[in-house]
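Each remark here refers to the structure printed beneath this line.
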Amino acid sequence: MAAQDTLRTLREAVVSAAKWQHEMIPAQRLEGERLRRMAAMGVADAVRQFSGVQIKDYGGIGGLKTVNVRGMGSQHVGVFYDGVELTNAQNGQIDLGRFSLDEMEAVAVFNGQRVRLLQSARDFGAASSLYLESRTPTFGAGEVRHLRATLKAGSFSTFNPSVAYDRRLSPRLSASVNAEWMRTTGRYDFRYRTAGGYDTTATRRNGDVKGLRTEAALFGTTNKGSWRAKGYLYTSERGLPGAVVRNRFSHEDRQWDTNVFLQSSFRHRFSERHSLLLQAKWAYDYLHYLSDPAAGDVSAMYTDNTYRRQEAYASAASQWDVSERVALSAAADYAFDHVHANLYHFAFPTRHSVYAALAGRFRWGALEGQASLLYAYTHEAVRHGAGADDRRRLSPALTLTYPVGRESGLTLRAFYKDVFRLPTLNELYYTFVGSATLKPETARQFDLGATWERGAFEVKADVYYNRVKNKIVAVPTSNMFRWTMLNLGEVSIFGAEVQAAARHRIGQVALEGRATYTFERAIDCTDPGDAFYHDQIPYIPRHSGSLMASATWRRWALHYSFLYTGERYEQRANLPENFAPAWYTSDVALSCSLARWQFTAQVNNLFNQAYDVVKGYPMPGTNFRLIATFRL
Amino acid sequence: MKKYLYPLLSLLLLFVTACRGDEEIVVPHTSEEIGAKGSSFYLLNEGNMGSNKASIDYYDAKTGTYRRNLFAEANPSVVFELGDVGNDLQVYGSRLYAVINVSNLIEVMDARTLRHLGQIPLPNCRNIVFRDGYAYATSYAGPVATDPNARLGYVARIDTATMRVVDTCVVGYQPEQMVMWENRLYVANSGGYRAPNYDRTVSVIDLTTFREIQKIDVAPNLNAMVLAGGKIYVQSRGDYGALKPNVYVLNPQSNTVEGALNVEALNLCADNHLLYFLTEKEVVISNGQRLRLRMQHPYGIAAREGFIYVTDARDYVSPGRVYCFNAAGEEQWSTMTGDIPAHFAFVTANPQTNPTPQPQDKAVISAILKYLPAPGQFVNTLPAYTPGDTQESMNAKVLAAVGNGGTGMVTLGAFGGTLEFALSRPLTNVEGAYDFRLRGNAFPNGSEAGVVSVAYDANGNGRPDPTEWYELAGSAHAQSTPNYTITYTRPAAGHLPTPGSGTEITDTRYIAWEDNQGGTGFIEKNSYHTQDYFPAWVTDDRLTFTARRLPDNARLNGSIWESPAFEYGYVDNHPNASDGSLFKIEWAVDAAGRHVALPAIHFIRITTGLRQQLGRIGESSTEFTGFDALH
């Protein structure tokens, strides 16, 4: 542990000058032993503990899971894997259900932005961001190799072995390979009942997943920096369980995915005051969707679609510490995206995007601030139909922090940020549906917050206001068979978040607790003449919260997490027909470390609550998992 | 630090112990007074795909009340309510049929109460029409073809009595709406799954052979279809691009296309020799009138008695609206609906004002359809005959005794005596459970078993037709004699009694009977019952009954007559408190003894099943003391 921590600090120190080190806006972060103790099923299960975060979970291990921060929609959340944004220009959707935590060192959510200087231009653009940081191998004195083997097994016939092997090749070069295989039937019983009415229990079907993820990476250090290169391959086959409706509890459609990427980053410090970050990525995604009535569901429409997506990305960023009081940075990114599909009249769109960002940090007395300006340019070309006009956009941001005296432990912060999200290529060009005239969806974010720290106790609180304009919504045309996309929606979001964390030790027992609460009034402001004007937008609860508590004693660790999502509506109209009741779940994990072994037993949804996060997608009841890890 | 930690831990404890009921509330209907103008109708809201939000609203034109979302409340036990994506709604007879596309079923309801009577499974079902007790419904899900994109659809012929598909007829690709003309069914084929290679044809089916006899080439992507003035009007949806929607006129005499109307109709309807075409901006009427619409997305249209009804689907995920216009195009009223309001079904009879009966509102005997006892010792006393009584007044007395939950006693007399009654509402056949109790006056070893038949009003004409009756097969069904016919003759005016050996039987040759098996005999008169045993209000002197005769169950044990009960399935057989007086609709069989699955029953008939004379006890006669629905 200690060695790892030291290295982490070192690595950060290499990156930027010590004096600008801290994050101006604190992240919600789970890392290292805390993350492992929680034994979360995946990234989505870990981040749903954070305040302001709503996970749209379609149920089961293989189900789609997307993250939404502060009610702005999942496409406003940038998901970064080792510093490079994971994008899906096709549908803008990043499925967190596919990321394992085995090789993750830390998961962090920034409600707002990560206020740093040396980062890619795209980092300046997202309204909120989720950072996934994979493990960097570390070696103690005399160590040259590490092996980790993990076996997870549990409910839904889940079998999930993984193995990682690290090798030190030279003092300046190490390699790591890891592989993970997962298989689950995704079968679980679910129950729906109404007061005085029906009470039905059935088994969720077609939620099976088989997937293999392999990664290989090289890590190097130079005299004045570091570099890394990673290759990633994921292949999977899964059933799509679909919505549960009357007389149709299961579906037969299937999906096959292959995702490949290569990414690399290079950090270099020219001098005490000048550093450079280069990043590059190439990605290829293949998706095959098949719905075949011959497979069993005679009512299905035959559909056999394949989508192929290619992405190339390069970024260069540089930071220059001008003086003790001023630092500047500049970043430029270029991205290429192309989508190919076997659809009738498909447009085969290609997008070129250029991002450029300028940022400055300053200090004035105790007041510290960062201002940034992002310029984005896109150009699109299509094989069929009309391509969108070129887009150019400037988005500024300003962040201020102010520590109130040295002794008080109180820090105040404020930020303003103008953000946008580009229409996805599906929204622009999907056969019959897309609308090439779409403008980017824009939002303005305002935030006021404070952090108070004293000893082992910490409280963070924020109030914020977000205004989303030109929200891209799907609307039907005069014929229901043909929908289209319009910049129609307007949403106003007022929220408040509080997080509190405490640590305490009683003899050999170390206790930790963490609680969050979020209030959100996210209302539809599209049309004052509408009957549902100012209704709460779908799937955003007014109240939500979480609680985590853990106790460690010698080789034992007990972890408890509680999650509460308040009453919501599933549609725009806040009517009883669209009402979704609150749900709350309790998960418990107990782990024990024995020499090179670590064992964890976990019970999720302890009180077997029957609930849906998304209507018609029932979540599993009480389920179990056992994890055994061996380290060498 | 403890001061922070302990509150936190106690809060944790609170969460752990707190427990939510997982039950969701059945969303009650809402209602609104919007004014009484137009005709009463049910409106099917489709609900967006995957939302399971199909729902039914009702406009009561008499009271001017609009009620939303009635189905869930009226049928709390139907799992997942009405279902996913309603596609058609029709009234036939006393029933309402809703075609629920993604749920792969046709929901059958009582048109008065909206109560669930049954469901007809049909994959990817689309639209429905009716004739002569059969429903005809289109389905996309035809036989799976080698070329998965060339899968034809079919029309299913459904027996409305049994709610079963009895035949299918393969038509074109993705068939939609239908029209009946003479002995033919015209089906619009869309080919919607094959875009851009849409189907262009109307299939013509001969209803006798139920086979496609012809395909008429019309235009791409056909959908809505109506019959007006002897012509069929069929809408082409176009290709949603350059090819605009249009309406084509078909002559069913010659099965030829007579021309196009060049109106960009999204939907159409016909009423009283006028055609109404719904376009994006207006309603175009065949008399040349045009009615401007101010709506987001006009979707459904209907016309009745000079009023025009148009729905606005708005954004397809929020509640829509329905508008009523008069013939001059002036808005009469408008109100909020469910999601994607689309399909109208007018009802002539007003449904009961409260279409959601309370749970205690169980079926009771609401009408006596037939009361004809065979001669017997209680006849003319249970119920009492007074001179001047007619069949109607006797029926009224029976109703007073056992109707509306009454527990009075009514005799059916000797073998064959019959009582038929109607229920206040259909009684659903709950699989595996008892459905009703028939009370009698049986006591242990005192069975006077009567045979029970039930009828489901398949054609909805409000009365039991001869073909709609099915017997409940009781435990002695196999040993009994079907179609046993007996004729009783009224004693002649100057009839002289032939007293028996004791004092109790006063006339051993009182009422003569002969059966269809060569047997003859008499109903004896006893000293306990001195009145006329022959139904006094009946003018015929001979009464003939044909019914199932149960095996004799009476025996003399010393001087005591014992008639032990049959195991199950007969009225006046077991004591009322016993489960032996309970009945299951699923016992119904047809004449050949085959099991018949009735969704529900509307009528019950009971007949005395024993033809035996028990000395001083008299003839075995079924007595009936009331009906209890169990659900």
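Labels for the structure tokens follow display order: chains A, B, ..., residues from 1 in each chain, ligands from 1.
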
I'd like the neighbourhood of B:Tyr248 as a ChimeraX atom specification, where a residue qualifies if any of its atoms comes within 8 Å (using only C-alpha atoms), though same-chain residues fewer than 5 positions away should be ignored.
/B:218,233-236,257-261

Take the residues just selected and output them with C-alpha atoms as a short mmCIF file (atom, residue, chain, number, x, y, z; two decimals), in the first residue's frame.
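Dumped to result07.cif:
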```cif
data_model
loop_
_atom_site.label_atom_id
_atom_site.label_comp_id
_atom_site.auth_asym_id
_atom_site.auth_seq_id
_atom_site.Cartn_x
_atom_site.Cartn_y
_atom_site.Cartn_z
CA VAL B 218 -53.56 -0.82 -55.43
CA TYR B 233 -61.89 3.26 -49.63
CA VAL B 234 -58.35 2.23 -48.80
CA GLN B 235 -55.60 4.52 -47.60
CA SER B 236 -52.02 4.28 -48.81
CA VAL B 257 -59.43 0.10 -58.56
CA GLU B 258 -61.65 2.91 -59.77
CA GLY B 259 -59.30 5.74 -59.00
CA ALA B 260 -57.58 7.87 -56.37
CA LEU B 261 -59.03 10.75 -54.38
#
```

Pick out the residues sitting within 7 Å of B:Gln119, and hand them over as a list in words; count only C-alpha atoms, and ignore anything fewer than 4 positions along from it in its own chain.
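The residues that qualify are Leu105, Ile106, Glu107 and Val108 of chain B.
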
Kindly save the residues from that selection, with all heavy atoms included, as an mmCIF file, in the first residue's frame.
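Written file, result.cif:
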```
data_model
loop_
_atom_site.group_PDB
_atom_site.id
_atom_site.type_symbol
_atom_site.label_atom_id
_atom_site.label_comp_id
_atom_site.auth_asym_id
_atom_site.auth_seq_id
_atom_site.Cartn_x
_atom_site.Cartn_y
_atom_site.Cartn_z
ATOM 1 N N LEU B 105 -52.175 -10.058 -27.955
ATOM 2 C CA LEU B 105 -53.457 -10.601 -27.535
ATOM 3 C C LEU B 105 -54.599 -9.646 -27.867
ATOM 4 O O LEU B 105 -54.403 -8.458 -28.090
ATOM 5 C CB LEU B 105 -53.455 -10.908 -26.034
ATOM 6 C CG LEU B 105 -53.226 -9.768 -25.050
ATOM 7 C CD1 LEU B 105 -54.516 -9.043 -24.687
ATOM 8 C CD2 LEU B 105 -52.629 -10.326 -23.769
ATOM 9 N N ILE B 106 -55.792 -10.256 -27.895
ATOM 10 C CA ILE B 106 -57.015 -9.474 -28.011
ATOM 11 C C ILE B 106 -57.717 -9.574 -26.666
ATOM 12 O O ILE B 106 -58.022 -10.666 -26.202
ATOM 13 C CB ILE B 106 -57.903 -10.016 -29.147
ATOM 14 C CG1 ILE B 106 -57.146 -9.924 -30.483
ATOM 15 C CG2 ILE B 106 -59.216 -9.251 -29.216
ATOM 16 C CD1 ILE B 106 -57.774 -10.742 -31.597
ATOM 17 N N GLU B 107 -57.929 -8.444 -26.049
ATOM 18 C CA GLU B 107 -58.575 -8.405 -24.742
ATOM 19 C C GLU B 107 -60.084 -8.338 -24.961
ATOM 20 O O GLU B 107 -60.559 -7.493 -25.716
ATOM 21 C CB GLU B 107 -58.074 -7.169 -23.974
ATOM 22 C CG GLU B 107 -58.869 -6.799 -22.747
ATOM 23 C CD GLU B 107 -58.758 -7.801 -21.616
ATOM 24 O OE1 GLU B 107 -57.702 -8.433 -21.486
ATOM 25 O OE2 GLU B 107 -59.760 -7.968 -20.894
ATOM 26 N N VAL B 108 -60.807 -9.241 -24.306
ATOM 27 C CA VAL B 108 -62.264 -9.275 -24.445
ATOM 28 C C VAL B 108 -62.882 -8.811 -23.135
ATOM 29 O O VAL B 108 -62.581 -9.354 -22.072
ATOM 30 C CB VAL B 108 -62.753 -10.692 -24.790
ATOM 31 C CG1 VAL B 108 -64.246 -10.678 -25.088
ATOM 32 C CG2 VAL B 108 -61.982 -11.262 -25.973
#
```

Sorted by chain and rising residue number, list the residues of chain A at most 8 Å from chain B (counting only C-alpha atoms), each with its closest atom pair and distance in Å to one decimal, as a tab-separated table.
```
residue	atom	partner	partner_atom	distance
A:Tyr192	CA	B:Glu23	CA	7.4
A:Arg193	CA	B:Glu23	CA	5.2
A:Thr194	CA	B:Glu24	CA	4.5
A:Ala195	CA	B:Ile25	CA	5.4
A:Gly196	CA	B:Pro76	CA	7.0
A:Gly197	CA	B:Pro76	CA	4.3
A:Tyr198	CA	B:Ser77	CA	4.4
A:Asp199	CA	B:Val79	CA	7.5
A:Thr200	CA	B:Val79	CA	7.1
A:Ala243	CA	B:Gly50	CA	5.9
A:Val244	CA	B:Gly50	CA	7.8
A:Val245	CA	B:Asn52	CA	5.3
A:Arg246	CA	B:Gly83	CA	4.7
A:Asn247	CA	B:Ser103	CA	5.2
A:Arg248	CA	B:Ser103	CA	5.8
A:Asp292	CA	B:Pro148	CA	7.8
A:Pro293	CA	B:Val144	CA	7.1
A:Ala294	CA	B:Val144	CA	6.5
A:Val298	CA	B:Ala141	CA	6.0
A:Ser299	CA	B:Asn124	CA	4.9
A:Ala300	CA	B:Asn124	CA	7.7
A:Met301	CA	B:Tyr193	CA	7.1
A:Tyr302	CA	B:Pro148	CA	6.3
A:Ala456	CA	B:Met1	CA	7.8
A:Phe457	CA	B:Met1	CA	7.8
A:Val475	CA	B:Asp315	CA	6.1
A:Pro476	CA	B:Asp315	CA	6.8
A:Thr477	CA	B:His297	CA	7.6
A:Ser478	CA	B:His297	CA	5.7
A:Asn479	CA	B:Leu266	CA	7.4
A:Arg482	CA	B:Tyr240	CA	7.2
A:Ala502	CA	B:Leu5	CA	7.1
A:His504	CA	B:Met1	CA	6.9
A:Gly513	CA	B:Leu8	CA	7.5
A:Leu547	CA	B:Leu12	CA	7.6
A:Phe562	CA	B:Phe15	CA	7.9
A:Gln571	CA	B:Val317	CA	6.9
A:Arg572	CA	B:Ser318	CA	6.3
A:Ala573	CA	B:Ser318	CA	5.8
A:Pro576	CA	B:Val27	CA	6.4
A:Glu577	CA	B:Val27	CA	6.3
A:Pro581	CA	B:Glu24	CA	7.8
A:Trp583	CA	B:Arg20	CA	7.9
A:Ser586	CA	B:Val16	CA	7.4
A:Phe607	CA	B:Cys19	CA	8.0
A:Gln609	CA	B:Asp22	CA	6.7
A:Ala610	CA	B:Asp22	CA	5.9
A:Tyr611	CA	B:Asp22	CA	7.4
A:Lys615	CA	B:Ser51	CA	7.4
A:Gly616	CA	B:Ser51	CA	7.3
```

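When the distance limit is 12 Å and only C-alpha atoms are what count, the residues near B:Arg164, minus those fewer than 3 positions from it on the same chain, are Leu105, Ile106, Val108, Gly118, Gln119, Ile120, Pro121, Leu122, Gly133, Tyr134, Ala135, Tyr136, Ala137, Ala156, Arg157, Ile158, Asp159, Thr160, Ala161, Asp167, Thr168, Ala458, Val596, Ala597, Leu598 and Pro599 of chain B.
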
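Excluding B:Gly593 itself and same-chain residues fewer than 5 positions from it, the residues having an atom within 10 Å of it are Tyr470, Glu471, Leu472, Ala473, His477, Ala478 and Ala588 of chain B, counting only C-alpha atoms.
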
Report as a ChimeraX atom specification all protein, DNA and RNA residues lying within 8 Å of A:Glu311, evaluated on only C-alpha atoms, omitting residues in the same chain fewer than 6 positions from it.
/A:281-284,335-338

Could those selected residues go to a file with C-alpha atoms, as a PDB file, in the first residue's frame?
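Listing of again_4.pdb after writing:
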```pdb
ATOM      1  CA  LYS A 281      -6.175   6.747 -29.611  1.00  0.00           C
ATOM      2  CA  TRP A 282      -7.612   4.523 -32.298  1.00  0.00           C
ATOM      3  CA  ALA A 283     -10.818   2.641 -31.703  1.00  0.00           C
ATOM      4  CA  TYR A 284     -12.988   0.258 -33.651  1.00  0.00           C
ATOM      5  CA  ALA A 335     -11.008  13.482 -33.606  1.00  0.00           C
ATOM      6  CA  PHE A 336     -12.211  11.484 -36.556  1.00  0.00           C
ATOM      7  CA  ASP A 337     -15.358   9.364 -36.437  1.00  0.00           C
ATOM      8  CA  HIS A 338     -16.959   7.248 -39.089  1.00  0.00           C
TER       9      HIS A 338
END
```

Write out as a PyMOL selection string each polymer residue whose atoms come within 8 Å of stretch 537-553 of chain B, counting only C-alpha atoms; drop sequence neighbours fewer than 3 positions from it.
chain B and resi 374+385+388-391+415-417+451+476-477+479-490+563-565+607+609-612

Write out as a PyMOL selection string all residues of stretch 47-167 of chain B that backbone DSSP assigns to strand (DSSP E or B).
chain B and resi 55-60+65-68+86-92+95-100+105-110+116-121+125-131+134-139+154-159+164-167

Surrounding residues of stretch 501-510 of chain B excluding itself and chain neighbours under 6 positions, 6 Å, only C-alpha atoms, as a list in words:
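Result of the neighbour search: Phe522, Ile523, Glu524, Lys525, Asn526, Ser527 and Arg616 of chain B.
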
Just write the chosen residues, N, CA, C and O atoms, as a compact mmCIF listing (two decimals), in the first residue's frame.
```txt
# COMPACT_ATOMS: atom_id res chain seq x y z
N PHE B 522 -96.39 -43.00 -13.17
CA PHE B 522 -97.24 -41.95 -12.62
C PHE B 522 -96.49 -41.14 -11.58
O PHE B 522 -95.63 -41.66 -10.86
N ILE B 523 -96.85 -39.86 -11.51
CA ILE B 523 -96.47 -39.06 -10.35
C ILE B 523 -97.60 -39.28 -9.35
O ILE B 523 -98.78 -39.09 -9.67
N GLU B 524 -97.21 -39.73 -8.16
CA GLU B 524 -98.24 -40.02 -7.16
C GLU B 524 -98.59 -38.76 -6.36
O GLU B 524 -97.77 -37.86 -6.22
N LYS B 525 -99.77 -38.74 -5.85
CA LYS B 525 -100.19 -37.63 -4.99
C LYS B 525 -100.17 -38.12 -3.54
O LYS B 525 -100.51 -39.27 -3.27
N ASN B 526 -99.72 -37.26 -2.64
CA ASN B 526 -99.69 -37.70 -1.25
C ASN B 526 -100.56 -36.79 -0.39
O ASN B 526 -101.01 -35.72 -0.81
N SER B 527 -100.75 -37.26 0.84
CA SER B 527 -101.70 -36.56 1.72
C SER B 527 -101.14 -35.27 2.29
O SER B 527 -101.85 -34.44 2.81
N ARG B 616 -93.86 -42.60 0.11
CA ARG B 616 -94.54 -41.49 0.79
C ARG B 616 -93.75 -40.19 0.72
O ARG B 616 -94.27 -39.12 0.97
```

What does the distance from atom CA of B:Ser424 to atom CA of B:Val454 come to in Å, to one decimal?
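Taking atom CA of B:Ser424 as the start and atom CA of B:Val454 as the end point, the length is 14.3 Å.
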
Taking the DSSP secondary structure from the backbone, can you list the residues of stretch 220-428 of chain A that are alpha helix (DSSP H), as an MDAnalysis selection string?
chainID A and resid 425:428

Could you jot down the atom CA of B:Gly288 to atom CA of B:Tyr42 separation for me, Å, one decimal place?
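It comes out at 28.6 Å.
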
At what distance in Å, to one decimal, does atom CA of A:Met38 lie from atom CA of A:Ala149?
18.4 Å
